[in-house]
Amino acid sequence: MGISVLVIDREHTFADALALRLEAEQELEVIAAVRMSAPASCLTAASQAAVILLDADLPGQAANRLCEDLSGRKAAPRVIMLSSSAEPDRIVAALRSGAAAWVRKDESLQHLLEVIHGVACGETWLPRAQTGLVLRLLLFEQERQAAADQLLAVLTQREREVLSWLADGAGRLEVAQRLHVSPHTVRAHLQNLMAKLGVHSTLEAVALTRSRLGKSPGSAA
């Protein structure tokens with residue numbers, strides 16, 4: 001049995017044409033070619049695929065969100081992002097979403113087949129010309145997160161909670177209500193945490209630690 005492949009693209013014509021070319025390969029089994037405008041079909045077919053060719057140029061962050069959802073599943077498929085470009089920052093975002101590879105749509109079929117077989121075996125593939133910069137960006141991100149961790153380590157749990165709510169867009173009064181404390185107490189926590197972080201505004205504090213604040217108040221540690 002060959003490698004099961006699912007093609008997801010916003011352009012039905014491109015998806016069908018690519019699927020037709022892949023079906024000619026004996027070692028591949030194309031499950032379907034679907035448009036992202038039909039997400040239910042995508043998710044149903046994804047459960048049967050070992051490798052997914054996903055259109056990275058979907059509007060907004062749709063591709064990365066779908067990749068995150070797929071990567072979090074049991075027996076998750078390996079995702080190859082297909083794009084008309086190869087900006088390093090977009091590649092980094094895709095990798096952080098769980099993608100295993102990034103391939104330009106104008107690459108040869110032979111190259112794409114090589115990537116499919118590689119990721120099916122657990123490999124990660126990046127455009128050769130961008131590999132160095134992508135790795136540097138990933139290293140910079142790790143260093144920035146490590147620095148943010150060190151900053152957060154000096155804050156108390158309540159100070160992290162206050163900062164996390166502020167990062168979510170809550171005002172001081174709302175933070176006070178959610179934490180069941182007085183606005184004066186929130187103000188005191190803000191003054192303390194800004195002094196510890198060496199900043200002069202709430203915006204600076206949030207910017208310094210945003211990458212490690214987590215998605216819910218108090219989750220950063």
# chains A, B, ... in the order shown; residues from 1 in each chain; ligands from 1

$ residues_around --residues "Gly122 in chain A" --least-positions-apart "5" --cutoff "10 Å" --atoms "only C-alpha atoms" --output "list in words"
Arg78, Ala100 and His117 of chain A

$ write_last_selection --atoms "C-alpha atoms" --output "short mmCIF file (atom, residue, chain, number, x, y, z; two decimals), in the first residue's frame"
data_model
loop_
_atom_site.label_atom_id
_atom_site.label_comp_id
_atom_site.auth_asym_id
_atom_site.auth_seq_id
_atom_site.Cartn_x
_atom_site.Cartn_y
_atom_site.Cartn_z
CA ARG A 78 2.49 15.02 8.10
CA ALA A 100 6.90 19.20 8.24
CA HIS A 117 8.60 10.43 0.59
#

$ select_by_dssp --residues "range 87-200 of chain A" --states "strand (DSSP E or B)" --output "PyMOL selection string"
chain A and resi 101-104+125

$ residues_around --residues "Ile8 in chain A" --least-positions-apart "2" --cutoff "6 Å" --atoms "only C-alpha atoms" --output "PyMOL selection string"
chain A and resi 33-35+54

$ write_last_selection --atoms "C-alpha atoms" --output "PDB file, in the first residue's frame"
ATOM      1  CA  ALA A  33      -8.408  16.835  -3.670  1.00  0.00           C
ATOM      2  CA  VAL A  34     -10.594  19.265  -1.753  1.00  0.00           C
ATOM      3  CA  ARG A  35     -11.125  23.006  -1.529  1.00  0.00           C
ATOM      4  CA  LEU A  54      -1.861  22.124   2.227  1.00  0.00           C
TER       5      LEU A  54
END

$ select_by_dssp --residues "range 83-189 of chain A" --states "helix (DSSP H, G or I)" --output "ChimeraX atom specification"
/A:88-96,109-120,128-153,157-167,172-179,183-189

$ closest_residue --among "A:Ser47, A:Gly60, A:Arg96, A:Gln110" --to "Arg21 in chain A" --atoms "only C-alpha atoms"
A:Gln110

$ residues_around --residues "range 179-181 of chain A" --least-positions-apart "5" --cutoff "9 Å" --atoms "only C-alpha atoms" --output "list in words"
Arg158, Glu161, Val162, Glu174 and Val186 of chain A

$ residues_around --residues "range 81-86 of chain A" --least-positions-apart "6" --cutoff "6 Å" --atoms "only C-alpha atoms" --output "short mmCIF file (atom, residue, chain, number, x, y, z; two decimals) with N, CA and C atoms, in the first residue's frame"
data_model
loop_
_atom_site.label_atom_id
_atom_site.label_comp_id
_atom_site.auth_asym_id
_atom_site.auth_seq_id
_atom_site.Cartn_x
_atom_site.Cartn_y
_atom_site.Cartn_z
N LEU A 54 -0.97 21.05 1.80
CA LEU A 54 -1.86 22.12 2.23
C LEU A 54 -1.45 23.46 1.62
N ASP A 55 -2.43 24.16 1.05
CA ASP A 55 -2.20 25.47 0.46
C ASP A 55 -1.83 26.47 1.57
N ALA A 56 -0.57 26.92 1.57
CA ALA A 56 -0.12 27.86 2.59
C ALA A 56 -0.60 29.27 2.33
N ASP A 57 -1.16 29.52 1.13
CA ASP A 57 -1.59 30.86 0.75
C ASP A 57 -3.07 31.10 1.00
N TRP A 102 8.01 22.83 3.56
CA TRP A 102 7.52 23.98 2.79
C TRP A 102 8.05 23.83 1.37
N VAL A 103 7.14 23.82 0.40
CA VAL A 103 7.53 23.64 -1.00
C VAL A 103 6.84 24.70 -1.85
N ARG A 104 7.60 25.34 -2.72
CA ARG A 104 7.01 26.30 -3.64
C ARG A 104 6.19 25.56 -4.70
N LYS A 105 5.10 26.17 -5.11
CA LYS A 105 4.22 25.53 -6.08
C LYS A 105 4.85 25.42 -7.47
#

$ residues_around --residues "Val5 in chain A" --least-positions-apart "2" --cutoff "8 Å" --atoms "only C-alpha atoms" --output "PyMOL selection string"
chain A and resi 3+7+28-32+49-53

$ write_last_selection --atoms "N, CA and C atoms" --output "PDB file, in the first residue's frame"
ATOM      1  N   ILE A   3       1.751   5.572  -0.013  1.00  0.00           N
ATOM      2  CA  ILE A   3       1.576   6.680   0.932  1.00  0.00           C
ATOM      3  C   ILE A   3       0.268   7.391   0.617  1.00  0.00           C
ATOM      4  N   VAL A   7      -4.826  16.397  -0.879  1.00  0.00           N
ATOM      5  CA  VAL A   7      -4.500  17.719  -1.397  1.00  0.00           C
ATOM      6  C   VAL A   7      -5.584  18.702  -0.971  1.00  0.00           C
ATOM      7  N   LEU A  28       2.095   6.201  -4.403  1.00  0.00           N
ATOM      8  CA  LEU A  28       1.207   7.144  -3.748  1.00  0.00           C
ATOM      9  C   LEU A  28      -0.246   6.746  -3.948  1.00  0.00           C
ATOM     10  N   GLU A  29      -1.046   7.038  -2.951  1.00  0.00           N
ATOM     11  CA  GLU A  29      -2.484   6.799  -3.034  1.00  0.00           C
ATOM     12  C   GLU A  29      -3.191   8.110  -2.691  1.00  0.00           C
ATOM     13  N   VAL A  30      -3.717   8.797  -3.685  1.00  0.00           N
ATOM     14  CA  VAL A  30      -4.371  10.078  -3.469  1.00  0.00           C
ATOM     15  C   VAL A  30      -5.795   9.834  -2.968  1.00  0.00           C
ATOM     16  N   ILE A  31      -6.050  10.293  -1.761  1.00  0.00           N
ATOM     17  CA  ILE A  31      -7.375  10.098  -1.158  1.00  0.00           C
ATOM     18  C   ILE A  31      -8.390  11.042  -1.777  1.00  0.00           C
ATOM     19  N   ALA A  32      -8.015  12.315  -1.872  1.00  0.00           N
ATOM     20  CA  ALA A  32      -8.942  13.313  -2.401  1.00  0.00           C
ATOM     21  C   ALA A  32      -8.215  14.613  -2.672  1.00  0.00           C
ATOM     22  N   ALA A  49      -5.314  10.275   5.796  1.00  0.00           N
ATOM     23  CA  ALA A  49      -4.091  10.623   5.084  1.00  0.00           C
ATOM     24  C   ALA A  49      -2.842  10.500   5.940  1.00  0.00           C
ATOM     25  N   ALA A  50      -1.758  10.075   5.297  1.00  0.00           N
ATOM     26  CA  ALA A  50      -0.456  10.056   5.961  1.00  0.00           C
ATOM     27  C   ALA A  50       0.275  11.368   5.704  1.00  0.00           C
ATOM     28  N   VAL A  51       0.031  11.938   4.530  1.00  0.00           N
ATOM     29  CA  VAL A  51       0.662  13.203   4.143  1.00  0.00           C
ATOM     30  C   VAL A  51      -0.404  14.125   3.563  1.00  0.00           C
ATOM     31  N   ILE A  52      -0.384  15.391   3.983  1.00  0.00           N
ATOM     32  CA  ILE A  52      -1.326  16.380   3.467  1.00  0.00           C
ATOM     33  C   ILE A  52      -0.555  17.494   2.768  1.00  0.00           C
ATOM     34  N   LEU A  53      -0.955  17.802   1.545  1.00  0.00           N
ATOM     35  CA  LEU A  53      -0.409  18.930   0.809  1.00  0.00           C
ATOM     36  C   LEU A  53      -1.374  20.079   1.004  1.00  0.00           C
TER      37      LEU A  53
END

$ closest_residue --among "A:Leu203, A:Ser182, A:Leu133, A:His111" --to "Glu87 in chain A" --atoms "only C-alpha atoms"
A:Leu133

$ residues_around --residues "Leu66 in chain A" --least-positions-apart "4" --cutoff "12 Å" --atoms "only C-alpha atoms" --output "PDB file with C-alpha atoms, in the first residue's frame"
ATOM      1  CA  ILE A   8      -6.121  20.827   0.139  1.00  0.00           C
ATOM      2  CA  MET A  36     -10.584  24.745   1.795  1.00  0.00           C
ATOM      3  CA  PRO A  39     -13.613  22.416   5.814  1.00  0.00           C
ATOM      4  CA  ALA A  40     -15.775  19.459   6.821  1.00  0.00           C
ATOM      5  CA  CYS A  42     -10.949  18.455   4.654  1.00  0.00           C
ATOM      6  CA  LEU A  43     -11.156  17.148   8.197  1.00  0.00           C
ATOM      7  CA  ALA A  46      -7.498  14.123   6.738  1.00  0.00           C
ATOM      8  CA  ILE A  52      -1.326  16.380   3.467  1.00  0.00           C
ATOM      9  CA  LEU A  53      -0.409  18.930   0.809  1.00  0.00           C
ATOM     10  CA  LEU A  54      -1.861  22.124   2.227  1.00  0.00           C
ATOM     11  CA  ASP A  55      -2.199  25.472   0.465  1.00  0.00           C
ATOM     12  CA  ALA A  56      -0.116  27.860   2.592  1.00  0.00           C
ATOM     13  CA  LEU A  58      -5.068  30.506   2.215  1.00  0.00           C
ATOM     14  CA  PRO A  59      -6.486  33.820   3.487  1.00  0.00           C
ATOM     15  CA  GLY A  60      -5.315  35.031   6.882  1.00  0.00           C
ATOM     16  CA  GLN A  61      -3.950  32.338   9.176  1.00  0.00           C
ATOM     17  CA  ALA A  62      -6.307  29.604   7.925  1.00  0.00           C
ATOM     18  CA  LEU A  70      -4.204  18.387  12.385  1.00  0.00           C
ATOM     19  CA  SER A  71      -0.883  18.191  14.232  1.00  0.00           C
ATOM     20  CA  GLY A  72      -2.644  17.898  17.572  1.00  0.00           C
ATOM     21  CA  ARG A  73      -4.522  14.759  16.598  1.00  0.00           C
ATOM     22  CA  PRO A  77      -0.683  13.330   9.292  1.00  0.00           C
ATOM     23  CA  VAL A  79       1.734  18.406   6.547  1.00  0.00           C
ATOM     24  CA  MET A  81       2.825  23.538   2.974  1.00  0.00           C
ATOM     25  CA  ALA A  94       4.339  27.112   9.496  1.00  0.00           C
ATOM     26  CA  SER A  97       2.156  25.267  13.568  1.00  0.00           C
ATOM     27  CA  GLY A  98       3.391  21.721  13.052  1.00  0.00           C
ATOM     28  CA  ALA A  99       4.216  21.654   9.336  1.00  0.00           C
TER      29      ALA A  99
END

$ closest_residue --among "A:Ile91, A:Ala75, A:Arg65, A:Ile80" --to "Leu6 in chain A" --atoms "only C-alpha atoms"
A:Ile80

$ atom_distance --atom1 "CA of Glu11 in chain A" --atom2 "CA of Trp125 in chain A"
23.8 Å

$ atom_distance --atom1 "CA of Val119 in chain A" --atom2 "CA of Arg10 in chain A"
22.7 Å

$ atom_distance --atom1 "CA of Val92 in chain A" --atom2 "CA of Asp16 in chain A"
28.0 Å
